[in-house]
$ cat target.txt   # compact mmCIF, N, CA and C atoms
# COMPACT_ATOMS: atom_id res chain seq x y z
N MET F 1 -4.44 -2.34 16.46
CA MET F 1 -3.29 -2.86 15.76
C MET F 1 -3.11 -4.31 16.21
N PRO F 2 -2.84 -5.20 15.28
CA PRO F 2 -2.70 -6.62 15.62
C PRO F 2 -1.60 -6.84 16.66
N ALA F 3 -1.80 -7.84 17.51
CA ALA F 3 -0.89 -8.11 18.63
C ALA F 3 0.54 -8.36 18.16
N ARG F 4 0.72 -8.98 17.00
CA ARG F 4 2.08 -9.30 16.55
C ARG F 4 2.89 -8.04 16.21
N HIS F 5 2.22 -6.92 16.06
CA HIS F 5 2.91 -5.67 15.75
C HIS F 5 3.24 -4.85 16.99
N VAL F 6 2.71 -5.22 18.15
CA VAL F 6 2.77 -4.36 19.33
C VAL F 6 4.20 -4.02 19.74
N SER F 7 5.09 -4.99 19.84
CA SER F 7 6.46 -4.67 20.28
C SER F 7 7.19 -3.84 19.23
N ARG F 8 6.94 -4.11 17.97
CA ARG F 8 7.53 -3.32 16.88
C ARG F 8 7.03 -1.88 16.94
N VAL F 9 5.75 -1.72 17.21
CA VAL F 9 5.15 -0.39 17.30
C VAL F 9 5.75 0.39 18.46
N ARG F 10 5.86 -0.24 19.61
CA ARG F 10 6.42 0.45 20.79
C ARG F 10 7.86 0.89 20.55
N ALA F 11 8.65 0.00 19.97
CA ALA F 11 10.06 0.33 19.71
C ALA F 11 10.16 1.49 18.71
N LEU F 12 9.35 1.45 17.68
CA LEU F 12 9.37 2.52 16.68
C LEU F 12 8.90 3.84 17.28
N TYR F 13 7.86 3.80 18.08
CA TYR F 13 7.33 4.99 18.75
C TYR F 13 8.41 5.64 19.61
N ARG F 14 9.08 4.82 20.44
CA ARG F 14 10.16 5.35 21.29
C ARG F 14 11.31 5.91 20.45
N ARG F 15 11.65 5.21 19.39
CA ARG F 15 12.75 5.66 18.52
C ARG F 15 12.44 7.02 17.90
N ILE F 16 11.23 7.20 17.43
CA ILE F 16 10.84 8.48 16.82
C ILE F 16 10.89 9.60 17.85
N LEU F 17 10.36 9.37 19.03
CA LEU F 17 10.39 10.42 20.06
C LEU F 17 11.83 10.76 20.45
N LEU F 18 12.71 9.78 20.48
CA LEU F 18 14.12 10.05 20.74
C LEU F 18 14.74 10.86 19.61
N LEU F 19 14.42 10.51 18.39
CA LEU F 19 14.94 11.25 17.23
C LEU F 19 14.46 12.69 17.23
N HIS F 20 13.26 12.92 17.72
CA HIS F 20 12.72 14.28 17.76
C HIS F 20 13.53 15.20 18.66
N ARG F 21 14.35 14.65 19.52
CA ARG F 21 15.17 15.47 20.41
C ARG F 21 16.16 16.35 19.65
N VAL F 22 16.47 15.98 18.40
CA VAL F 22 17.41 16.78 17.61
C VAL F 22 16.72 17.94 16.90
N LEU F 23 15.40 17.95 16.91
CA LEU F 23 14.65 19.01 16.24
C LEU F 23 14.67 20.29 17.06
N PRO F 24 14.49 21.43 16.41
CA PRO F 24 14.29 22.67 17.17
C PRO F 24 13.09 22.48 18.10
N PRO F 25 13.10 23.12 19.27
CA PRO F 25 12.05 22.87 20.27
C PRO F 25 10.61 23.00 19.76
N ASP F 26 10.34 23.99 18.91
CA ASP F 26 8.96 24.14 18.43
C ASP F 26 8.56 23.00 17.50
N LEU F 27 9.48 22.54 16.66
CA LEU F 27 9.17 21.41 15.78
C LEU F 27 9.11 20.11 16.57
N LYS F 28 9.93 19.98 17.60
CA LYS F 28 9.89 18.80 18.45
C LYS F 28 8.51 18.68 19.10
N ALA F 29 8.03 19.77 19.66
CA ALA F 29 6.71 19.75 20.31
C ALA F 29 5.61 19.39 19.32
N LEU F 30 5.66 19.99 18.14
CA LEU F 30 4.68 19.70 17.09
C LEU F 30 4.78 18.24 16.65
N GLY F 31 6.01 17.79 16.40
CA GLY F 31 6.23 16.42 15.95
C GLY F 31 5.81 15.39 16.98
N ASP F 32 6.17 15.63 18.24
CA ASP F 32 5.80 14.70 19.30
C ASP F 32 4.28 14.55 19.39
N GLN F 33 3.58 15.67 19.35
CA GLN F 33 2.12 15.62 19.45
C GLN F 33 1.51 14.89 18.26
N TYR F 34 2.04 15.15 17.06
CA TYR F 34 1.53 14.51 15.86
C TYR F 34 1.75 13.00 15.93
N VAL F 35 2.95 12.58 16.34
CA VAL F 35 3.25 11.16 16.45
C VAL F 35 2.32 10.49 17.46
N LYS F 36 2.14 11.11 18.61
CA LYS F 36 1.26 10.54 19.63
C LYS F 36 -0.16 10.39 19.11
N ASP F 37 -0.64 11.43 18.43
CA ASP F 37 -2.01 11.37 17.87
C ASP F 37 -2.14 10.28 16.81
N GLU F 38 -1.16 10.19 15.92
CA GLU F 38 -1.23 9.20 14.84
C GLU F 38 -1.15 7.77 15.36
N PHE F 39 -0.24 7.52 16.29
CA PHE F 39 -0.13 6.17 16.84
C PHE F 39 -1.39 5.80 17.61
N ARG F 40 -1.96 6.75 18.33
CA ARG F 40 -3.21 6.50 19.05
C ARG F 40 -4.35 6.21 18.06
N ARG F 41 -4.40 7.00 16.99
CA ARG F 41 -5.46 6.87 15.99
C ARG F 41 -5.39 5.51 15.26
N HIS F 42 -4.21 4.93 15.18
CA HIS F 42 -4.05 3.68 14.44
C HIS F 42 -3.99 2.44 15.33
N LYS F 43 -4.38 2.56 16.58
CA LYS F 43 -4.35 1.42 17.50
C LYS F 43 -5.22 0.26 17.05
N THR F 44 -6.31 0.56 16.39
CA THR F 44 -7.30 -0.49 16.10
C THR F 44 -7.46 -0.79 14.62
N VAL F 45 -6.44 -0.48 13.82
CA VAL F 45 -6.57 -0.70 12.38
C VAL F 45 -6.33 -2.18 12.02
N ARG F 46 -6.76 -2.54 10.82
CA ARG F 46 -6.57 -3.90 10.31
C ARG F 46 -5.08 -4.16 10.07
N SER F 47 -4.72 -5.41 9.95
CA SER F 47 -3.33 -5.83 9.81
C SER F 47 -2.65 -5.21 8.59
N ASP F 48 -3.34 -5.17 7.45
CA ASP F 48 -2.72 -4.62 6.24
C ASP F 48 -2.45 -3.12 6.40
N GLU F 49 -3.37 -2.41 7.03
CA GLU F 49 -3.18 -0.97 7.26
C GLU F 49 -2.09 -0.74 8.31
N ALA F 50 -2.04 -1.61 9.31
CA ALA F 50 -1.00 -1.51 10.34
C ALA F 50 0.38 -1.69 9.72
N GLN F 51 0.50 -2.63 8.81
CA GLN F 51 1.78 -2.88 8.15
C GLN F 51 2.23 -1.65 7.35
N ARG F 52 1.33 -1.08 6.62
CA ARG F 52 1.66 0.12 5.83
C ARG F 52 2.01 1.30 6.73
N PHE F 53 1.24 1.47 7.80
CA PHE F 53 1.49 2.52 8.78
C PHE F 53 2.90 2.40 9.33
N LEU F 54 3.27 1.20 9.75
CA LEU F 54 4.60 0.97 10.31
C LEU F 54 5.70 1.23 9.28
N GLN F 55 5.49 0.78 8.06
CA GLN F 55 6.49 1.00 7.01
C GLN F 55 6.73 2.49 6.78
N GLU F 56 5.66 3.27 6.72
CA GLU F 56 5.81 4.71 6.48
C GLU F 56 6.53 5.39 7.64
N TRP F 57 6.20 5.01 8.88
CA TRP F 57 6.87 5.63 10.02
C TRP F 57 8.32 5.16 10.14
N GLU F 58 8.61 3.95 9.71
CA GLU F 58 10.01 3.49 9.70
C GLU F 58 10.83 4.28 8.69
N VAL F 59 10.24 4.59 7.55
CA VAL F 59 10.92 5.44 6.56
C VAL F 59 11.15 6.83 7.15
N TYR F 60 10.14 7.38 7.81
CA TYR F 60 10.27 8.69 8.45
C TYR F 60 11.43 8.68 9.45
N ALA F 61 11.48 7.65 10.29
CA ALA F 61 12.54 7.56 11.30
C ALA F 61 13.91 7.46 10.64
N ALA F 62 14.02 6.69 9.57
CA ALA F 62 15.31 6.54 8.88
C ALA F 62 15.75 7.87 8.26
N VAL F 63 14.82 8.59 7.65
CA VAL F 63 15.15 9.88 7.03
C VAL F 63 15.55 10.89 8.10
N LEU F 64 14.82 10.93 9.20
CA LEU F 64 15.14 11.86 10.28
C LEU F 64 16.51 11.55 10.87
N TRP F 65 16.82 10.28 11.05
CA TRP F 65 18.12 9.87 11.58
C TRP F 65 19.23 10.33 10.63
N GLN F 66 19.03 10.12 9.33
CA GLN F 66 20.02 10.53 8.33
C GLN F 66 20.20 12.05 8.33
N GLN F 67 19.10 12.78 8.38
CA GLN F 67 19.18 14.24 8.38
C GLN F 67 19.85 14.76 9.66
N ALA F 68 19.59 14.12 10.78
CA ALA F 68 20.23 14.52 12.04
C ALA F 68 21.75 14.34 11.94
N ASN F 69 22.18 13.22 11.36
CA ASN F 69 23.61 12.98 11.19
C ASN F 69 24.24 13.98 10.22
N GLU F 70 23.55 14.27 9.13
CA GLU F 70 24.06 15.25 8.16
C GLU F 70 24.16 16.63 8.80
N ASN F 71 23.16 16.99 9.58
CA ASN F 71 23.17 18.30 10.25
C ASN F 71 24.31 18.38 11.27
N ARG F 72 24.59 17.27 11.94
CA ARG F 72 25.68 17.23 12.91
C ARG F 72 27.02 17.44 12.20
N GLN F 73 27.18 16.84 11.03
CA GLN F 73 28.43 16.95 10.26
C GLN F 73 28.60 18.33 9.65
N ASN F 74 27.51 18.99 9.30
CA ASN F 74 27.54 20.33 8.71
C ASN F 74 27.10 21.36 9.74
N SER F 75 27.74 21.37 10.87
CA SER F 75 27.28 22.19 11.99
C SER F 75 27.36 23.70 11.72
N THR F 76 28.08 24.11 10.68
CA THR F 76 28.16 25.54 10.38
C THR F 76 26.93 26.02 9.62
N GLU F 77 26.21 25.10 8.98
CA GLU F 77 25.01 25.46 8.23
C GLU F 77 23.78 25.31 9.12
N LYS F 78 22.71 26.01 8.74
CA LYS F 78 21.45 25.90 9.47
C LYS F 78 20.89 24.48 9.31
N ALA F 79 20.42 23.92 10.41
CA ALA F 79 19.86 22.57 10.38
C ALA F 79 18.66 22.51 9.44
N CYS F 80 18.58 21.43 8.70
CA CYS F 80 17.51 21.26 7.72
C CYS F 80 16.85 19.91 7.95
N PHE F 81 15.53 19.93 8.12
CA PHE F 81 14.76 18.71 8.33
C PHE F 81 13.57 18.70 7.39
N GLY F 82 13.19 17.51 6.99
CA GLY F 82 12.00 17.36 6.14
C GLY F 82 12.36 16.86 4.76
N THR F 83 11.34 16.59 4.01
CA THR F 83 11.51 16.09 2.65
C THR F 83 10.27 16.42 1.84
N SER F 84 10.43 16.45 0.54
CA SER F 84 9.28 16.70 -0.33
C SER F 84 8.42 15.45 -0.41
N LEU F 85 7.15 15.66 -0.58
CA LEU F 85 6.22 14.55 -0.72
C LEU F 85 5.86 14.42 -2.19
N PRO F 86 6.26 13.31 -2.82
CA PRO F 86 5.97 13.14 -4.25
C PRO F 86 4.46 13.10 -4.52
N GLU F 87 4.10 13.63 -5.68
CA GLU F 87 2.68 13.71 -6.04
C GLU F 87 2.02 12.33 -6.07
N GLU F 88 2.75 11.31 -6.52
CA GLU F 88 2.16 9.96 -6.59
C GLU F 88 1.80 9.44 -5.20
N LYS F 89 2.54 9.86 -4.18
CA LYS F 89 2.19 9.48 -2.81
C LYS F 89 0.94 10.20 -2.36
N LEU F 90 0.82 11.47 -2.72
CA LEU F 90 -0.37 12.25 -2.36
C LEU F 90 -1.63 11.62 -2.95
N ASN F 91 -1.51 11.06 -4.15
CA ASN F 91 -2.65 10.44 -4.80
C ASN F 91 -3.17 9.23 -4.03
N ASP F 92 -2.32 8.62 -3.19
CA ASP F 92 -2.73 7.46 -2.39
C ASP F 92 -3.44 7.86 -1.10
N PHE F 93 -3.41 9.14 -0.76
CA PHE F 93 -3.99 9.60 0.51
C PHE F 93 -5.50 9.72 0.41
N ARG F 94 -6.16 9.43 1.53
CA ARG F 94 -7.60 9.67 1.63
C ARG F 94 -7.80 11.15 1.91
N ASP F 95 -9.02 11.64 1.69
CA ASP F 95 -9.33 13.06 1.94
C ASP F 95 -8.99 13.47 3.36
N GLU F 96 -9.30 12.59 4.32
CA GLU F 96 -9.01 12.88 5.73
C GLU F 96 -7.49 13.09 5.93
N GLN F 97 -6.69 12.27 5.26
CA GLN F 97 -5.23 12.39 5.39
C GLN F 97 -4.72 13.67 4.75
N ILE F 98 -5.31 14.06 3.64
CA ILE F 98 -4.92 15.33 2.99
C ILE F 98 -5.23 16.49 3.94
N GLY F 99 -6.39 16.44 4.58
CA GLY F 99 -6.76 17.47 5.54
C GLY F 99 -5.78 17.54 6.70
N GLN F 100 -5.38 16.38 7.23
CA GLN F 100 -4.41 16.35 8.33
C GLN F 100 -3.07 16.92 7.88
N LEU F 101 -2.68 16.58 6.68
CA LEU F 101 -1.41 17.07 6.14
C LEU F 101 -1.43 18.59 5.98
N GLN F 102 -2.56 19.12 5.52
CA GLN F 102 -2.68 20.58 5.39
C GLN F 102 -2.62 21.26 6.76
N GLU F 103 -3.29 20.68 7.75
CA GLU F 103 -3.24 21.24 9.10
C GLU F 103 -1.82 21.22 9.66
N LEU F 104 -1.12 20.12 9.44
CA LEU F 104 0.25 20.00 9.92
C LEU F 104 1.15 21.02 9.24
N MET F 105 0.99 21.18 7.94
CA MET F 105 1.80 22.15 7.20
C MET F 105 1.52 23.57 7.70
N GLN F 106 0.26 23.90 7.92
CA GLN F 106 -0.09 25.23 8.41
C GLN F 106 0.52 25.48 9.79
N GLU F 107 0.47 24.49 10.65
CA GLU F 107 1.02 24.63 12.00
C GLU F 107 2.54 24.77 11.95
N ALA F 108 3.18 23.98 11.10
CA ALA F 108 4.64 23.98 11.02
C ALA F 108 5.19 25.25 10.38
N THR F 109 4.38 25.92 9.58
CA THR F 109 4.88 27.11 8.87
C THR F 109 4.31 28.41 9.42
N LYS F 110 3.66 28.36 10.57
CA LYS F 110 3.13 29.58 11.19
C LYS F 110 4.28 30.53 11.51
N PRO F 111 4.12 31.80 11.16
CA PRO F 111 5.20 32.75 11.47
C PRO F 111 5.35 32.99 12.96
N ASN F 112 4.26 33.03 13.69
CA ASN F 112 4.30 33.24 15.13
C ASN F 112 3.80 31.98 15.80
N ARG F 113 4.73 31.09 16.09
CA ARG F 113 4.35 29.83 16.71
C ARG F 113 3.79 30.08 18.10
N GLN F 114 3.01 29.12 18.56
CA GLN F 114 2.39 29.26 19.88
C GLN F 114 3.38 28.97 21.00
N PHE F 115 4.62 28.58 20.68
CA PHE F 115 5.60 28.26 21.68
C PHE F 115 6.56 29.43 21.83
N SER F 116 6.87 29.78 23.04
CA SER F 116 7.84 30.83 23.32
C SER F 116 9.15 30.15 23.68
N ILE F 117 10.19 30.43 22.90
CA ILE F 117 11.46 29.75 23.11
C ILE F 117 12.51 30.78 23.48
N THR F 118 13.09 30.61 24.65
CA THR F 118 14.19 31.47 25.05
C THR F 118 15.33 30.57 25.51
N GLU F 119 16.53 30.94 25.10
CA GLU F 119 17.69 30.14 25.47
C GLU F 119 18.57 30.96 26.39
N SER F 120 18.93 30.36 27.49
CA SER F 120 19.80 31.01 28.46
C SER F 120 21.25 30.78 28.07
N LYS F 121 22.08 31.77 28.28
CA LYS F 121 23.51 31.63 27.99
C LYS F 121 24.23 30.88 29.11
N LYS F 122 23.68 30.95 30.33
CA LYS F 122 24.31 30.30 31.47
C LYS F 122 23.61 28.97 31.73
N PRO F 123 24.38 27.91 32.00
CA PRO F 123 23.74 26.64 32.34
C PRO F 123 23.04 26.74 33.69
N LYS F 124 21.90 26.09 33.80
CA LYS F 124 21.14 26.08 35.06
C LYS F 124 21.38 24.75 35.76
N PHE F 125 21.62 24.83 37.05
CA PHE F 125 21.86 23.61 37.82
C PHE F 125 20.75 23.36 38.79
$ encode --input "target.txt" --output "structure tokens"
Amino acid sequence: MPARHVSRVRALYRRILLLHRVLPPDLKALGDQYVKDEFRRHKTVRSDEAQRFLQEWEVYAAVLWQQANENRQNSTEKACFGTSLPEEKLNDFRDEQIGQLQELMQEATKPNRQFSITESKKPKF
């Protein structure tokens, strides 16, 4: 990734990981790993691809922030995260990206996640 993007990338990366704290633990773990992999994978891309990468992740962060606030305001309803991906956006994806998206969807919708989540009623000190 070009040097002029480095501070913007770091700030965005940290912001996304902070936003993931509002996700259910299993989705947080999945999201954190995906973000880490994607940012690592795009370290050496050309400037035009870096710009597009950053724009897409900035949109993701803005949507997640908005959904977190909406979920906080509607605390009686089940938290809802995510958004539909328009078909015209899918048409812009490379085959490799479609494959990654399918893997992510399969992992996110597994009935028996690989994470065991138990919540204690008593606070631990």
$ residues_around --input "target.txt" --residues "segment 82-88 of chain F" --least-positions-apart "6" --cutoff "8 Å" --atoms "only N, CA and C atoms" --output "ChimeraX atom specification"
/F:63-64,67
$ closest_residue --input "target.txt" --among "F:Leu104, F:Arg14, F:Ser47, F:Ser7" --to "Ala61 of chain F" --atoms "only C-alpha atoms"
F:Arg14
$ atom_distance --input "target.txt" --atom1 "atom C of Arg41 of chain F" --atom2 "atom C of Arg21 of chain F"
24.5 Å
$ closest_residue --input "target.txt" --among "F:Glu103, F:Glu38, F:Asp92, F:Asp48" --to "Tyr13 of chain F" --atoms "only C-alpha atoms"
F:Glu38
$ closest_residue --input "target.txt" --among "F:Leu54, F:Cys80, F:Ala62, F:Ala29" --to "Glu107 of chain F" --atoms "only C-alpha atoms"
F:Ala29
$ atom_distance --input "target.txt" --atom1 "atom N of Tyr34 of chain F" --atom2 "atom C of Val22 of chain F"
14.9 Å
$ select_by_dssp --input "target.txt" --residues "chain F" --states "helix (DSSP H, G or I)" --output "ChimeraX atom specification"
/F:3-22,25-41,47-73,87-90,95-108
$ build_atoms --input "target.txt" --residues "segment 29-40 of chain F" --atoms "all heavy atoms" --output "PDB file, in the coordinates of the input"
ATOM      1  N   ALA F  29       8.030  19.770  19.660  1.00  0.00           N
ATOM      2  CA  ALA F  29       6.710  19.750  20.310  1.00  0.00           C
ATOM      3  C   ALA F  29       5.610  19.390  19.320  1.00  0.00           C
ATOM      4  O   ALA F  29       4.743  18.552  19.603  1.00  0.00           O
ATOM      5  CB  ALA F  29       6.425  21.111  20.953  1.00  0.00           C
ATOM      6  N   LEU F  30       5.660  19.990  18.140  1.00  0.00           N
ATOM      7  CA  LEU F  30       4.680  19.700  17.090  1.00  0.00           C
ATOM      8  C   LEU F  30       4.780  18.240  16.650  1.00  0.00           C
ATOM      9  O   LEU F  30       3.780  17.538  16.535  1.00  0.00           O
ATOM     10  CB  LEU F  30       4.876  20.649  15.906  1.00  0.00           C
ATOM     11  CG  LEU F  30       3.932  20.488  14.735  1.00  0.00           C
ATOM     12  CD1 LEU F  30       2.497  20.788  15.156  1.00  0.00           C
ATOM     13  CD2 LEU F  30       4.354  21.418  13.600  1.00  0.00           C
ATOM     14  N   GLY F  31       6.010  17.790  16.400  1.00  0.00           N
ATOM     15  CA  GLY F  31       6.230  16.420  15.950  1.00  0.00           C
ATOM     16  C   GLY F  31       5.810  15.390  16.980  1.00  0.00           C
ATOM     17  O   GLY F  31       5.181  14.378  16.647  1.00  0.00           O
ATOM     18  N   ASP F  32       6.170  15.630  18.240  1.00  0.00           N
ATOM     19  CA  ASP F  32       5.800  14.700  19.300  1.00  0.00           C
ATOM     20  C   ASP F  32       4.280  14.550  19.390  1.00  0.00           C
ATOM     21  O   ASP F  32       3.757  13.445  19.493  1.00  0.00           O
ATOM     22  CB  ASP F  32       6.340  15.159  20.652  1.00  0.00           C
ATOM     23  CG  ASP F  32       7.842  14.951  20.807  1.00  0.00           C
ATOM     24  OD1 ASP F  32       8.478  14.364  19.902  1.00  0.00           O
ATOM     25  OD2 ASP F  32       8.381  15.390  21.835  1.00  0.00           O
ATOM     26  N   GLN F  33       3.580  15.670  19.350  1.00  0.00           N
ATOM     27  CA  GLN F  33       2.120  15.620  19.450  1.00  0.00           C
ATOM     28  C   GLN F  33       1.510  14.890  18.260  1.00  0.00           C
ATOM     29  O   GLN F  33       0.598  14.084  18.404  1.00  0.00           O
ATOM     30  CB  GLN F  33       1.537  17.030  19.564  1.00  0.00           C
ATOM     31  CG  GLN F  33       0.060  17.036  19.883  1.00  0.00           C
ATOM     32  CD  GLN F  33      -0.245  16.329  21.196  1.00  0.00           C
ATOM     33  OE1 GLN F  33       0.324  16.649  22.228  1.00  0.00           O
ATOM     34  NE2 GLN F  33      -1.132  15.357  21.157  1.00  0.00           N
ATOM     35  N   TYR F  34       2.040  15.150  17.060  1.00  0.00           N
ATOM     36  CA  TYR F  34       1.530  14.510  15.860  1.00  0.00           C
ATOM     37  C   TYR F  34       1.750  13.000  15.930  1.00  0.00           C
ATOM     38  O   TYR F  34       0.849  12.206  15.620  1.00  0.00           O
ATOM     39  CB  TYR F  34       2.187  15.106  14.617  1.00  0.00           C
ATOM     40  CG  TYR F  34       1.590  14.586  13.344  1.00  0.00           C
ATOM     41  CD1 TYR F  34       0.356  15.028  12.897  1.00  0.00           C
ATOM     42  CD2 TYR F  34       2.251  13.628  12.578  1.00  0.00           C
ATOM     43  CE1 TYR F  34      -0.210  14.540  11.732  1.00  0.00           C
ATOM     44  CE2 TYR F  34       1.701  13.134  11.408  1.00  0.00           C
ATOM     45  CZ  TYR F  34       0.473  13.591  10.994  1.00  0.00           C
ATOM     46  OH  TYR F  34      -0.088  13.101   9.846  1.00  0.00           O
ATOM     47  N   VAL F  35       2.950  12.580  16.340  1.00  0.00           N
ATOM     48  CA  VAL F  35       3.250  11.160  16.450  1.00  0.00           C
ATOM     49  C   VAL F  35       2.320  10.490  17.460  1.00  0.00           C
ATOM     50  O   VAL F  35       1.752   9.429  17.186  1.00  0.00           O
ATOM     51  CB  VAL F  35       4.734  10.942  16.843  1.00  0.00           C
ATOM     52  CG1 VAL F  35       5.002   9.508  17.258  1.00  0.00           C
ATOM     53  CG2 VAL F  35       5.632  11.326  15.688  1.00  0.00           C
ATOM     54  N   LYS F  36       2.140  11.110  18.610  1.00  0.00           N
ATOM     55  CA  LYS F  36       1.260  10.540  19.630  1.00  0.00           C
ATOM     56  C   LYS F  36      -0.160  10.390  19.110  1.00  0.00           C
ATOM     57  O   LYS F  36      -0.796   9.355  19.287  1.00  0.00           O
ATOM     58  CB  LYS F  36       1.282  11.408  20.889  1.00  0.00           C
ATOM     59  CG  LYS F  36       2.602  11.330  21.630  1.00  0.00           C
ATOM     60  CD  LYS F  36       2.670  12.331  22.762  1.00  0.00           C
ATOM     61  CE  LYS F  36       4.062  12.324  23.381  1.00  0.00           C
ATOM     62  NZ  LYS F  36       4.227  13.318  24.432  1.00  0.00           N
ATOM     63  N   ASP F  37      -0.640  11.430  18.430  1.00  0.00           N
ATOM     64  CA  ASP F  37      -2.010  11.370  17.870  1.00  0.00           C
ATOM     65  C   ASP F  37      -2.140  10.280  16.810  1.00  0.00           C
ATOM     66  O   ASP F  37      -3.113   9.528  16.803  1.00  0.00           O
ATOM     67  CB  ASP F  37      -2.398  12.717  17.262  1.00  0.00           C
ATOM     68  CG  ASP F  37      -2.593  13.809  18.295  1.00  0.00           C
ATOM     69  OD1 ASP F  37      -2.698  13.492  19.501  1.00  0.00           O
ATOM     70  OD2 ASP F  37      -2.625  14.998  17.897  1.00  0.00           O
ATOM     71  N   GLU F  38      -1.160  10.190  15.920  1.00  0.00           N
ATOM     72  CA  GLU F  38      -1.230   9.200  14.840  1.00  0.00           C
ATOM     73  C   GLU F  38      -1.150   7.770  15.360  1.00  0.00           C
ATOM     74  O   GLU F  38      -1.883   6.895  14.910  1.00  0.00           O
ATOM     75  CB  GLU F  38      -0.112   9.443  13.814  1.00  0.00           C
ATOM     76  CG  GLU F  38      -0.412  10.563  12.850  1.00  0.00           C
ATOM     77  CD  GLU F  38      -1.652  10.283  12.014  1.00  0.00           C
ATOM     78  OE1 GLU F  38      -1.620   9.368  11.169  1.00  0.00           O
ATOM     79  OE2 GLU F  38      -2.656  10.979  12.199  1.00  0.00           O
ATOM     80  N   PHE F  39      -0.240   7.520  16.290  1.00  0.00           N
ATOM     81  CA  PHE F  39      -0.130   6.170  16.840  1.00  0.00           C
ATOM     82  C   PHE F  39      -1.390   5.800  17.610  1.00  0.00           C
ATOM     83  O   PHE F  39      -1.857   4.660  17.522  1.00  0.00           O
ATOM     84  CB  PHE F  39       1.129   6.036  17.703  1.00  0.00           C
ATOM     85  CG  PHE F  39       2.367   5.713  16.903  1.00  0.00           C
ATOM     86  CD1 PHE F  39       2.936   6.658  16.065  1.00  0.00           C
ATOM     87  CD2 PHE F  39       2.952   4.464  16.980  1.00  0.00           C
ATOM     88  CE1 PHE F  39       4.074   6.368  15.321  1.00  0.00           C
ATOM     89  CE2 PHE F  39       4.090   4.156  16.243  1.00  0.00           C
ATOM     90  CZ  PHE F  39       4.651   5.118  15.407  1.00  0.00           C
ATOM     91  N   ARG F  40      -1.960   6.750  18.330  1.00  0.00           N
ATOM     92  CA  ARG F  40      -3.210   6.500  19.050  1.00  0.00           C
ATOM     93  C   ARG F  40      -4.350   6.210  18.060  1.00  0.00           C
ATOM     94  O   ARG F  40      -5.136   5.294  18.250  1.00  0.00           O
ATOM     95  CB  ARG F  40      -3.549   7.709  19.920  1.00  0.00           C
ATOM     96  CG  ARG F  40      -4.569   7.443  20.993  1.00  0.00           C
ATOM     97  CD  ARG F  40      -4.746   8.633  21.928  1.00  0.00           C
ATOM     98  NE  ARG F  40      -3.507   8.978  22.627  1.00  0.00           N
ATOM     99  CZ  ARG F  40      -2.906  10.180  22.549  1.00  0.00           C
ATOM    100  NH1 ARG F  40      -3.421  11.144  21.840  1.00  0.00           N
ATOM    101  NH2 ARG F  40      -1.784  10.413  23.197  1.00  0.00           N
TER     102      ARG F  40
END
